[in-house]
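Worksheet for the structure shown next.
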Amino acid sequence: MTNAAPKSKKSIYFIFATIMLDMIGIGLIMPVLPDVIRRFISDPGQVTENFGYFIAVYAVMQFVASPILGGLSDQFGRRPILLGSLLGAGIDYIFMALAPTLNLLFLGRIIAGLTGASMTVANSYIADISDDSNRSSNFGMIGAAFGIGFIAGPIIGGLLGHFGPQMPFYGAAVLNILNFLFGLFILPESLKKENRRVVNWRKLNPFTTIVSTMKIPGMSLFVLTYALLFLAGNVHPSIWTLYTESKFGWNSIQVGVSLSFVGLIYGMSQSLLTSKLVPKWGESKSLVIGIFFNAFGFLLYGIAPYGWMMYGIMVASALQGLSMPCLQSIMTKKVDVRFQGELQGGLVSVGSVTAILAPLIYTHSFNWGSQSGEYMLLGAPYFVATVFGLLALVLVRKSLKSTPVAA
């Protein structure tokens, strides 16, 4: 169900850069965000509270905007939506750097969530230009872009932050505008006019889109699997810092280095292992293996008694990187090209819901484990993530039996 579309390497590189820049842009501002908020308020409790709101509002806006951008791209094409999002993000980062009040800073973050929902369109573009021979590896490139952005963002942001808390915002703006110019001159449209459709906008709210995605024949269990994997995967950004500081006594440098290593392993596993192992094992088998290592890795994180073991666990569980590219590839095969934008919008909305829920789930389980007085229960968030991973494994095995997927 692919669209006869341009398969230029430049197009893949552009999408790769777009997704990587989304992640870099998020990571760039994290090291300086507390200082930015302190420009407007001084009470430490309020700074922490607003820090949480600042993160949450981004996920909320992605949840709202993802199906809208997906629908727009189904009707008008992927290229204009992608380019508009990049230009909008670049202007918005400048706006946040110059924001004179906390309310305007939050307004900028709301706009960032809207433009960041372009992930929907990027996924649709990948689906358009892929076929059975390269679909998994192309989606693996998306995972690699996530990983590289996750590594580079905090490092670049920390370095730029030495020159002032506004500098990382300017850095993110420059990167997005440069990528906009790159795409303006080299990015072809991937969705032919005959494959476009008129979208029913009344149905394009995130809840309706999720429900519609679930109703696609044979899709519901895969979507639930997708949600569970996202819930499990969000344990790291939700609790890693608190967990490693409390259990191993790590400082901020150790936390930052370890998170960069997580991103490195995840990116390498999605880009390298996917292209090497999926052709050999097939998508279905690779998906099951990836989800197993996903759950197994989180269990090991929760029981590890020494900090140095965390690095070994990252390497040992690297096969988890097979899971998401294979799952996305399988789902795109089940949907006609005209509805890829709506599908990807629904999936990004599902991911956004998990990004909202995960911090609540994992911080509460961490508080419970910390207050129990039991050293082993400090790993409670990772035990919860393990359960999510095991449930995903059960669901995907059931869904693959009911709707087998060709290797």
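Going by the structure tokens order, chains are called A, B, ..., each with residues numbered from 1, while ligands are numbered from 1 in the order shown.
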
Residues near Pro80 of chain A, anyone? I mean within 12 Å using only C-alpha atoms, not counting same-chain ones fewer than 3 positions away, as a ChimeraX atom specification. /A:69-70,72-77,83-88,118,121-122,125,180,183-184,187-191

Take the residues just selected and output them with N, CA, C and O atoms as a compact mmCIF listing (two decimals), in the first residue's frame.
# COMPACT_ATOMS: atom_id res chain seq x y z
N LEU A 69 -2.57 17.98 11.76
CA LEU A 69 -1.49 18.05 10.77
C LEU A 69 -1.49 16.83 9.86
O LEU A 69 -1.21 16.94 8.67
N GLY A 70 -1.80 15.66 10.44
CA GLY A 70 -1.89 14.46 9.61
C GLY A 70 -2.98 14.59 8.56
O GLY A 70 -2.79 14.24 7.39
N LEU A 72 -4.26 17.45 7.37
CA LEU A 72 -3.82 18.47 6.42
C LEU A 72 -2.88 17.89 5.37
O LEU A 72 -2.98 18.20 4.18
N SER A 73 -1.98 17.02 5.82
CA SER A 73 -1.01 16.44 4.87
C SER A 73 -1.69 15.44 3.94
O SER A 73 -1.25 15.27 2.80
N ASP A 74 -2.76 14.76 4.38
CA ASP A 74 -3.50 13.86 3.50
C ASP A 74 -4.23 14.65 2.42
O ASP A 74 -4.42 14.15 1.31
N GLN A 75 -4.64 15.87 2.72
CA GLN A 75 -5.41 16.67 1.77
C GLN A 75 -4.53 17.55 0.89
O GLN A 75 -4.78 17.68 -0.30
N PHE A 76 -3.49 18.15 1.46
CA PHE A 76 -2.70 19.13 0.73
C PHE A 76 -1.28 18.67 0.41
O PHE A 76 -0.53 19.39 -0.27
N GLY A 77 -0.89 17.49 0.89
CA GLY A 77 0.46 17.00 0.65
C GLY A 77 1.36 17.16 1.88
O GLY A 77 1.08 17.97 2.76
N LEU A 83 7.35 21.91 5.81
CA LEU A 83 8.10 23.15 5.72
C LEU A 83 7.49 24.23 6.61
O LEU A 83 8.21 24.99 7.26
N GLY A 84 6.16 24.31 6.64
CA GLY A 84 5.51 25.29 7.50
C GLY A 84 5.80 25.04 8.97
O GLY A 84 6.02 25.99 9.74
N SER A 85 5.84 23.78 9.37
CA SER A 85 6.14 23.45 10.76
C SER A 85 7.56 23.85 11.13
O SER A 85 7.81 24.37 12.22
N LEU A 86 8.51 23.58 10.23
CA LEU A 86 9.90 23.93 10.50
C LEU A 86 10.09 25.44 10.63
O LEU A 86 10.75 25.93 11.55
N LEU A 87 9.50 26.18 9.70
CA LEU A 87 9.62 27.64 9.76
C LEU A 87 8.95 28.17 11.02
O LEU A 87 9.50 29.06 11.71
N GLY A 88 7.77 27.63 11.33
CA GLY A 88 7.07 28.06 12.54
C GLY A 88 7.87 27.77 13.80
O GLY A 88 7.91 28.59 14.73
N SER A 118 4.64 17.84 13.83
CA SER A 118 5.02 17.50 12.45
C SER A 118 5.59 16.09 12.36
O SER A 118 5.76 15.56 11.25
N VAL A 121 3.51 14.03 10.14
CA VAL A 121 3.71 14.20 8.71
C VAL A 121 5.02 13.54 8.27
O VAL A 121 5.09 12.94 7.19
N ALA A 122 6.05 13.62 9.10
CA ALA A 122 7.31 12.97 8.77
C ALA A 122 7.14 11.47 8.66
O ALA A 122 7.67 10.82 7.74
N TYR A 125 5.40 10.72 5.44
CA TYR A 125 6.32 10.85 4.31
C TYR A 125 7.15 9.57 4.15
O TYR A 125 7.32 9.05 3.05
N PHE A 180 14.60 24.21 7.23
CA PHE A 180 13.53 24.71 6.37
C PHE A 180 14.08 25.09 4.99
O PHE A 180 13.52 24.73 3.96
N GLY A 183 15.02 21.96 3.03
CA GLY A 183 13.84 21.31 2.46
C GLY A 183 13.19 22.11 1.37
O GLY A 183 12.64 21.55 0.40
N LEU A 184 13.23 23.43 1.47
CA LEU A 184 12.61 24.29 0.47
C LEU A 184 13.20 24.03 -0.92
O LEU A 184 12.49 24.09 -1.93
N LEU A 187 13.41 19.14 -1.14
CA LEU A 187 12.40 18.15 -0.73
C LEU A 187 11.27 18.06 -1.76
O LEU A 187 10.54 19.02 -1.96
N PRO A 188 11.09 16.91 -2.42
CA PRO A 188 9.96 16.73 -3.32
C PRO A 188 8.71 16.33 -2.55
O PRO A 188 8.79 15.89 -1.40
N GLU A 189 7.56 16.50 -3.16
CA GLU A 189 6.31 16.03 -2.56
C GLU A 189 6.24 14.52 -2.69
O GLU A 189 6.61 13.94 -3.72
N SER A 190 5.79 13.84 -1.65
CA SER A 190 5.72 12.38 -1.66
C SER A 190 4.34 11.84 -1.97
O SER A 190 4.19 10.68 -2.35
N LEU A 191 3.30 12.66 -1.81
CA LEU A 191 1.92 12.19 -1.97
C LEU A 191 1.34 12.76 -3.26
O LEU A 191 1.09 13.96 -3.37

Can you pull out every residue within 6 Å of Gly113 of chain A, counting only C-alpha atoms, but drop anything in the same chain fewer than 3 positions away, and send it as a CSV table (one decimal) with all heavy atoms, in the first residue's frame?
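Everything below was put into part26.csv:
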chain,number,residue,atom,x,y,z
A,58,TYR,N,3.6,20.8,26.3
A,58,TYR,CA,4.1,20.3,25.0
A,58,TYR,C,3.5,19.1,24.5
A,58,TYR,O,3.0,19.0,23.4
A,58,TYR,CB,5.7,20.2,25.1
A,58,TYR,CG,6.3,19.9,23.7
A,58,TYR,CD1,6.8,20.9,22.9
A,58,TYR,CD2,6.6,18.6,23.3
A,58,TYR,CE1,7.4,20.7,21.7
A,58,TYR,CE2,7.2,18.4,22.1
A,58,TYR,CZ,7.6,19.4,21.3
A,58,TYR,OH,8.2,19.2,20.1
A,61,MET,N,-0.3,19.7,23.6
A,61,MET,CA,-0.5,20.3,22.3
A,61,MET,C,-0.2,19.3,21.2
A,61,MET,O,-0.8,19.4,20.1
A,61,MET,CB,0.4,21.6,22.2
A,61,MET,CG,0.0,22.7,23.2
A,61,MET,SD,-1.8,22.9,23.3
A,61,MET,CE,-2.2,23.4,21.6
A,62,GLN,N,0.8,18.5,21.4
A,62,GLN,CA,1.1,17.5,20.3
A,62,GLN,C,-0.1,16.5,20.2
A,62,GLN,O,-0.5,16.1,19.1
A,62,GLN,CB,2.3,16.7,20.7
A,62,GLN,CG,3.6,17.4,20.3
A,62,GLN,CD,4.8,16.4,20.1
A,62,GLN,OE1,4.9,15.5,20.9
A,62,GLN,NE2,5.6,16.7,19.1
A,110,ILE,N,3.4,26.3,23.9
A,110,ILE,CA,2.2,25.8,23.2
A,110,ILE,C,2.4,25.7,21.7
A,110,ILE,O,2.1,24.7,21.1
A,110,ILE,CB,1.0,26.7,23.6
A,110,ILE,CG1,0.6,26.5,25.1
A,110,ILE,CG2,-0.2,26.3,22.7
A,110,ILE,CD1,-0.4,27.5,25.6
A,116,GLY,N,5.8,20.9,16.7
A,116,GLY,CA,6.5,19.6,17.0
A,116,GLY,C,5.6,18.4,16.6
A,116,GLY,O,6.1,17.3,16.4

Nearest to Leu178 of chain A, chosen from A:Leu395, A:Val288, A:Ile91, A:Ile81, with only C-alpha atoms counted in the distances: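 Of A:Leu395, A:Val288, A:Ile91, A:Ile81, the one nearest Leu178 of chain A, counting only C-alpha atoms, is A:Ile91.
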
Of the residues A:Ala144, A:Leu224, A:Leu287, A:Met376, which is the one nearest to Tyr266 of chain A, using only C-alpha atoms? A:Ala144

Length of the atom CA of Ile126 of chain A to atom CA of Leu343 of chain A vector [Å]: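 Straight-line distance from atom CA of Ile126 of chain A to atom CA of Leu343 of chain A works out to 12.8 Å.
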
The distance between atom CA of Val335 of chain A and atom CA of Leu391 of chain A is 24.5 Å

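One finds atom CA of Gly157 of chain A at 19.4 Å from atom CA of Ser238 of chain A.
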
Using only C-alpha atoms, determine which residues lie at most 12 Å from Ala56 of chain A, disregarding the query and same-chain residues fewer than 6 positions distant; provide the list as a PDB file with C-alpha atoms, in the first residue's frame.
ATOM      1  CA  GLU A  49       5.982  23.203  39.455  1.00  0.00           C
ATOM      2  CA  ASN A  50       6.233  25.357  36.352  1.00  0.00           C
ATOM      3  CA  GLN A  62       1.066  17.472  20.331  1.00  0.00           C
ATOM      4  CA  PHE A  63      -1.912  15.338  21.318  1.00  0.00           C
ATOM      5  CA  PHE A 106       4.192  29.306  27.953  1.00  0.00           C
ATOM      6  CA  ARG A 109       5.783  26.392  24.367  1.00  0.00           C
ATOM      7  CA  ILE A 110       2.206  25.814  23.223  1.00  0.00           C
ATOM      8  CA  GLY A 113       3.934  21.644  20.695  1.00  0.00           C
ATOM      9  CA  SER A 238      10.226  10.527  33.608  1.00  0.00           C
ATOM     10  CA  SER A 352       1.270  12.086  23.353  1.00  0.00           C
ATOM     11  CA  VAL A 353      -1.254  10.588  25.776  1.00  0.00           C
ATOM     12  CA  THR A 354       1.423   8.277  27.133  1.00  0.00           C
ATOM     13  CA  ALA A 355       3.831  11.239  27.442  1.00  0.00           C
ATOM     14  CA  ILE A 356       1.234  12.958  29.620  1.00  0.00           C
ATOM     15  CA  LEU A 357       0.432   9.901  31.733  1.00  0.00           C
ATOM     16  CA  ALA A 358       3.920   8.428  32.135  1.00  0.00           C
ATOM     17  CA  PRO A 359       5.401  11.106  34.447  1.00  0.00           C
ATOM     18  CA  LEU A 360       2.387  10.758  36.752  1.00  0.00           C
TER      19      LEU A 360
END

Close residues, Met214 of chain A itself excluded, 10 Å, only C-alpha atoms, min 3 positions apart in chain, as JSON, numbers by chain: {"A": [208, 209, 210, 211, 217, 218, 219, 220, 221, 222, 223, 224, 343, 346, 347]}

Between A:Leu390, A:Val60, A:Ile142, A:Ile12, which residue has the minimum interatomic distance to Ile186 of chain A, considering only C-alpha atoms?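 The shortest atom-to-atom distance to Ile186 of chain A comes from A:Ile12.
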
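The closest residue to Thr120 of chain A, picked from A:Leu259, A:Ala227, A:Ala385, A:Val350 and counting only C-alpha atoms, is A:Val350.
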
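Near Asp35 of chain A, within 10 Å and counting only C-alpha atoms, sit Ile41, Ser42, Val47, Gly161, Gly164, Pro165 and Gln166 of chain A, not including residues fewer than 6 positions from it in the same chain.
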
So that I have them on file, write out the residues from the current selection with N, CA and C atoms, as a short mmCIF file (atom, residue, chain, number, x, y, z; two decimals), in the first residue's frame.
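Full text of part_25.cif as output:
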data_model
loop_
_atom_site.label_atom_id
_atom_site.label_comp_id
_atom_site.auth_asym_id
_atom_site.auth_seq_id
_atom_site.Cartn_x
_atom_site.Cartn_y
_atom_site.Cartn_z
N ILE A 41 10.13 34.03 38.23
CA ILE A 41 9.72 33.68 39.59
C ILE A 41 10.94 33.17 40.35
N SER A 42 10.93 33.36 41.68
CA SER A 42 12.10 32.99 42.48
C SER A 42 11.84 31.85 43.44
N VAL A 47 9.16 27.19 40.81
CA VAL A 47 10.03 26.89 39.66
C VAL A 47 9.86 25.43 39.26
N GLY A 161 24.35 27.30 26.90
CA GLY A 161 23.84 27.92 28.11
C GLY A 161 24.88 28.72 28.86
N GLY A 164 24.48 32.33 28.18
CA GLY A 164 23.21 32.94 28.56
C GLY A 164 22.06 31.98 28.35
N PRO A 165 21.02 32.04 29.19
CA PRO A 165 19.91 31.08 29.08
C PRO A 165 19.10 31.20 27.80
N GLN A 166 19.21 32.35 27.10
CA GLN A 166 18.47 32.49 25.85
C GLN A 166 19.17 31.83 24.66
#

Can you pull out the residues contacting Gly249 of chain A? Cut-off 12 Å, using only C-alpha atoms, and skip same-chain residues under 4 positions away; I want them as a VMD selection string. chain A and resid 241 to 245 253 to 255 305 to 308

Could you check which of A:Leu114, A:Ile239, A:Ile265, A:Val278 is closest to Pro67 of chain A, using only C-alpha atoms?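 So, comparing all the options, the nearest one is A:Leu114.
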
So, counting only C-alpha atoms, which residue among A:Pro325, A:Ile303, A:Tyr13, A:His236 is closest to Thr363 of chain A? A:His236
